[in-house]
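Q: For reference, the structure I am asking about is given below.
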Amino acid sequence: MLSQLPNSITSPSWWQLINWIADPIGFQHRYSQKYGDIFSMHLSGIGSYVIIGNPQAIQEIFNQDSKFDIGRGNELAKPLLGQNSLMLMDGDRHRRERKLLMPPFHGERLQAYAKQICLITNQITSQWQVGQPFVARSAMQKISLEVIVQIVFGLSEGKRYQQLKPLLTAWVDMTDSPLRSSMLFLSFLQKDWGTWTPWGRMKQRQRQVHDLLQAEIAQKRTKQDDRRGDVLSLMMAARDENGQAMSDEELTDELLTILFAGHETTATTLAWAFYQIHQHPDILEKLQQELDSLGDNHNPMEIAQLPYLTAVCQETLRMYPVIPVLFPRITKSSMKIAGYEFDAETTFMPSIYLVHYREDLYTNAEQFKPERFLERHYSAWEYLPFGGGSRRCLGYALAELEMKLVLATVLSKYKLALAEDKPVKVQRRGFTLAPVGGVRMVMTGKRSGN
Ligand code: HEM
């Protein structure tokens, strides 16, 4: 029976921090080979974490969710999202806020969004010209931003929306490389000395986004309509047990969280899907056959049921986790996990990457093989692209639907090809991981009938 602590990386903590920022995937790969699927890392100035790539240990963690503080573990995101973000909440407050935010992202509401997603995809891709290269990730970001803005605010017109979209993109693009991302991890760089410093520029854009959101909230207050189903209206109509409504600060931080979490992630995953599909002509052909089998007058929700398309999306999410590890989970008291005895205040980081690349679960894990999802069912701790337990991604159902509809709409209409022949690598982009260069593609023609 184990009882001692898991292996700990011995290199200096400043070196671990640099490597974690620069290449979190290479970091986990290297050290898991050396130390196994549970080991500790120490990031200078940030803290110590136990990285977990063992599915049974992750099952134990998901099953004991209430024994962890998770919002507190997300402190690094506070300067970006504000202290009233769902991601930073714990306990009753987190439960209440999730209950309020869940409905617009699930169930019947999704059906209403399906047509909108196809329409937005058609509008944005209609600007593509034959022979003209484009960056798949940027095109997908335009689509996913438009989708989330429409869901959050309920409409898509007006000057404020037109200002908000480029501003949000410029803001998130400020951490588009490992070097530029380092300001999120190194507190000594977080000094607002005006717009000539990176952090100052970051803060300025954040204030501009805040101001636009505040103006939108103020305008909605003047004509509040509780029957509207958009996320902002629901949040404004909500009251706590004392009859208290959410303050403007709370509303703004929550809007920002959803806008932020809801578009970068989906756009990146879609870019990877286009990359893999166009590297494998057999997969593209199978997908097109499946889409063609639907005929012309199908309901968009039928697309979501297609088995091969579903497997392609699952395999993309397996190979390319958007975040390198799940949210940190801090133990509230001492506890046993995987036979080890951990003290209170230990922070666990379940690793999507390490689990998704286990050869005992995914043979030839480096290969893109959608069929594996048709041949086998994976449990919630063997396949966890959206995390798990009480923190499972709020927008997973929307993200899955959006991925399928965008892929189906584009692949039914256009012939595309990769514009470059070299393999696309993954790199840090803020708290997320994304393809270097964003996957350059080119439209080579339209499919017959379009
Ligand atoms: C492919 C797209 C997406 C991926 C891969 C993804 C992945 C994740 C992951 C791994 C977590 C952390 C879960 C954990 O630690 O257990 C998370 C949390 C979250 N995601 Fe997503 N996400 C995606 C899209 C979205 C969308 C479209 C939304 C929009 C609503 C969204 C909103 C959130 C929020 C608000 C949380 C925090 C939940 C909480 O703290 O309770 N995500 N997501």
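Convention: chains lettered A, B, ... in structure tokens order; per-chain residue numbering from 1; ligands numbered from 1 as shown.
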Neighbours of ligand 1 within 8 Å, counting only C-alpha atoms and all ligand atoms, as a PyMOL selection string?
A: chain A and resi 70-71+86-89+94+98+105+148+257-270+317+321-323+325-328+352+384-400+403
Q: Counting only C-alpha atoms, what is within 8 Å of Phe373 in chain A, bar same-chain residues fewer than 4 positions away, as a count of residues only?
A: 5
Q: Identify, on the basis of only C-alpha atoms, every residue whose closest approach to range 26-39 of chain A does not exceed 8 Å; exclude the query and any residue fewer than 3 positions from it along the same chain; express the result as a VMD selection string.
A: chain A and resid 6 to 9 19 to 20 23 50 to 54 354
Q: Store the residues picked out above, limited to N, CA and C atoms, as a PDB file, in the first residue's frame.
A:
```
ATOM      1  N   PRO A   6       3.857  11.380  -4.048  1.00  0.00           N
ATOM      2  CA  PRO A   6       4.341  11.038  -5.382  1.00  0.00           C
ATOM      3  C   PRO A   6       5.671  11.720  -5.688  1.00  0.00           C
ATOM      4  N   ASN A   7       6.334  11.255  -6.750  1.00  0.00           N
ATOM      5  CA  ASN A   7       7.610  11.845  -7.156  1.00  0.00           C
ATOM      6  C   ASN A   7       7.467  13.334  -7.437  1.00  0.00           C
ATOM      7  N   SER A   8       8.567  14.029  -7.153  1.00  0.00           N
ATOM      8  CA  SER A   8       8.531  15.475  -7.331  1.00  0.00           C
ATOM      9  C   SER A   8       9.648  15.865  -8.301  1.00  0.00           C
ATOM     10  N   ILE A   9       9.363  16.783  -9.225  1.00  0.00           N
ATOM     11  CA  ILE A   9      10.399  17.212 -10.175  1.00  0.00           C
ATOM     12  C   ILE A   9      11.503  17.913  -9.390  1.00  0.00           C
ATOM     13  N   ASN A  19       9.578  26.520 -18.234  1.00  0.00           N
ATOM     14  CA  ASN A  19       9.181  25.420 -19.125  1.00  0.00           C
ATOM     15  C   ASN A  19       7.670  25.227 -19.177  1.00  0.00           C
ATOM     16  N   TRP A  20       7.035  25.441 -18.047  1.00  0.00           N
ATOM     17  CA  TRP A  20       5.568  25.300 -17.999  1.00  0.00           C
ATOM     18  C   TRP A  20       4.905  26.365 -18.880  1.00  0.00           C
ATOM     19  N   ASP A  23       6.143  25.568 -22.810  1.00  0.00           N
ATOM     20  CA  ASP A  23       5.731  24.345 -23.520  1.00  0.00           C
ATOM     21  C   ASP A  23       5.070  23.355 -22.539  1.00  0.00           C
ATOM     22  N   VAL A  50       0.108  18.965  -7.984  1.00  0.00           N
ATOM     23  CA  VAL A  50       0.248  17.541  -8.292  1.00  0.00           C
ATOM     24  C   VAL A  50      -0.466  17.296  -9.622  1.00  0.00           C
ATOM     25  N   ILE A  51       0.322  16.959 -10.636  1.00  0.00           N
ATOM     26  CA  ILE A  51      -0.253  16.690 -11.965  1.00  0.00           C
ATOM     27  C   ILE A  51      -0.739  15.240 -11.991  1.00  0.00           C
ATOM     28  N   ILE A  52      -1.954  15.020 -12.460  1.00  0.00           N
ATOM     29  CA  ILE A  52      -2.532  13.677 -12.424  1.00  0.00           C
ATOM     30  C   ILE A  52      -2.973  13.220 -13.811  1.00  0.00           C
ATOM     31  N   GLY A  53      -2.327  12.147 -14.284  1.00  0.00           N
ATOM     32  CA  GLY A  53      -2.710  11.599 -15.591  1.00  0.00           C
ATOM     33  C   GLY A  53      -3.256  10.195 -15.440  1.00  0.00           C
ATOM     34  N   ASN A  54      -3.682   9.864 -14.229  1.00  0.00           N
ATOM     35  CA  ASN A  54      -4.171   8.518 -13.934  1.00  0.00           C
ATOM     36  C   ASN A  54      -5.710   8.544 -13.841  1.00  0.00           C
ATOM     37  N   LEU A 354      -2.340  14.166 -20.526  1.00  0.00           N
ATOM     38  CA  LEU A 354      -1.733  12.871 -20.163  1.00  0.00           C
ATOM     39  C   LEU A 354      -2.724  11.723 -20.309  1.00  0.00           C
TER      40      LEU A 354
END
```
Q: Which is closest to Phe153 in chain A among A:Gly82, A:Gly339, A:Pro307, A:Pro104, if we use only C-alpha atoms?
A: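 Using only C-alpha atoms, the shortest distance to Phe153 in chain A belongs to A:Pro104.
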Q: Out of A:Leu294, A:Leu101, A:Leu184, A:Ala170, which residue has the shortest atom-to-atom distance to Glu75 in chain A when counting only C-alpha atoms?
A: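 Using only C-alpha atoms, Glu75 in chain A sits closest to A:Leu184.
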Q: One decimal, in Å: what's the spacing between CA of Trp14 in chain A and CA of Val426 in chain A?
A: 22.8 Å
Q: Which polymer residues have any atom within 10 Å of an atom of Cys118 in chain A, counting only C-alpha atoms, with same-chain residues fewer than 4 positions away left out, as a ChimeraX atom specification?
A: /A:113-114,122-123,143,147,300,402,405-410
Q: Residues near Gln4 in chain A, anyone? I mean within 9 Å using only C-alpha atoms, not counting same-chain ones fewer than 3 positions away, as an mmCIF file with C-alpha atoms, in the first residue's frame.
A:
```cif
data_model
loop_
_atom_site.group_PDB
_atom_site.id
_atom_site.type_symbol
_atom_site.label_atom_id
_atom_site.label_comp_id
_atom_site.auth_asym_id
_atom_site.auth_seq_id
_atom_site.Cartn_x
_atom_site.Cartn_y
_atom_site.Cartn_z
ATOM 1 C CA GLY A 339 -3.190 5.364 -2.312
ATOM 2 C CA TYR A 340 -1.199 8.507 -1.483
ATOM 3 C CA GLU A 341 -1.965 10.533 1.652
ATOM 4 C CA PHE A 342 -2.145 14.256 0.850
#
```
Q: Considering only C-alpha atoms, can you say which of A:Gly438, A:Gly73, A:Pro423, A:Pro350 comes closest to Gln141 in chain A?
A: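 Once distances to Gln141 in chain A are computed over only C-alpha atoms, the minimum belongs to A:Gly438.
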Q: Where in range 231-311 of chain A does DSSP assign alpha helix (DSSP H), given as a PyMOL selection string?
A: chain A and resi 231-237+248-279+281-292+300-303+307-311
Q: With only C-alpha atoms counted and 12 Å as the cut-off, give the residues of range 210-275 of chain A in contact with range 360-371 of chain A, each with its shortest interatomic distance in Å and the pair that gives it, as JSON lines.
A:
```
{"residue": "A:Trp272", "atom": "CA", "partner": "A:Phe368", "partner_atom": "CA", "distance": 10.8}
{"residue": "A:Ala273", "atom": "CA", "partner": "A:Phe368", "partner_atom": "CA", "distance": 10.0}
{"residue": "A:Tyr275", "atom": "CA", "partner": "A:Phe368", "partner_atom": "CA", "distance": 10.7}
```
Q: Would you mind telling me which residue in A:Asn297, A:Gln219, A:Ser412, A:Ser48 lies nearest to Thr121 in chain A when using only C-alpha atoms?
A: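 Of all the options, A:Ser412 lies closest to Thr121 in chain A.
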Q: By how many Å are CA of Ser233 in chain A and CA of Arg221 in chain A apart?
A: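 Going from CA of Ser233 in chain A over to CA of Arg221 in chain A, I get 9.2 Å.
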Q: Report the distance between CA of Tyr383 in chain A and CA of Asp282 in chain A in Å, rounded to one decimal place.
A: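 One can read the CA of Tyr383 in chain A to CA of Asp282 in chain A distance as 24.8 Å.
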Q: Between A:Asp248, A:Leu80, A:Ser126, A:Gln116, which has the minimum distance to Lys203 in chain A (counting only C-alpha atoms)?
A: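 The shortest atom-to-atom distance to Lys203 in chain A comes from A:Leu80.
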Q: If we count only C-alpha atoms, what is near Glu420 in chain A at a cut-off of 12 Å, once residues fewer than 6 positions away on the same chain are taken out, given as a list in words?
A: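 Residues meeting the cut-off are Pro133, Phe134, Val135, Tyr275, His278, Gln279, Gly437, Gly438, Val439, Arg440, Met441 and Val442 of chain A.
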Q: Could you pull out the residues in range 304-354 of chain A that DSSP calls strand (DSSP E) from the backbone, as a ChimeraX atom specification?
A: /A:329-331,335-337,340-342,347-350
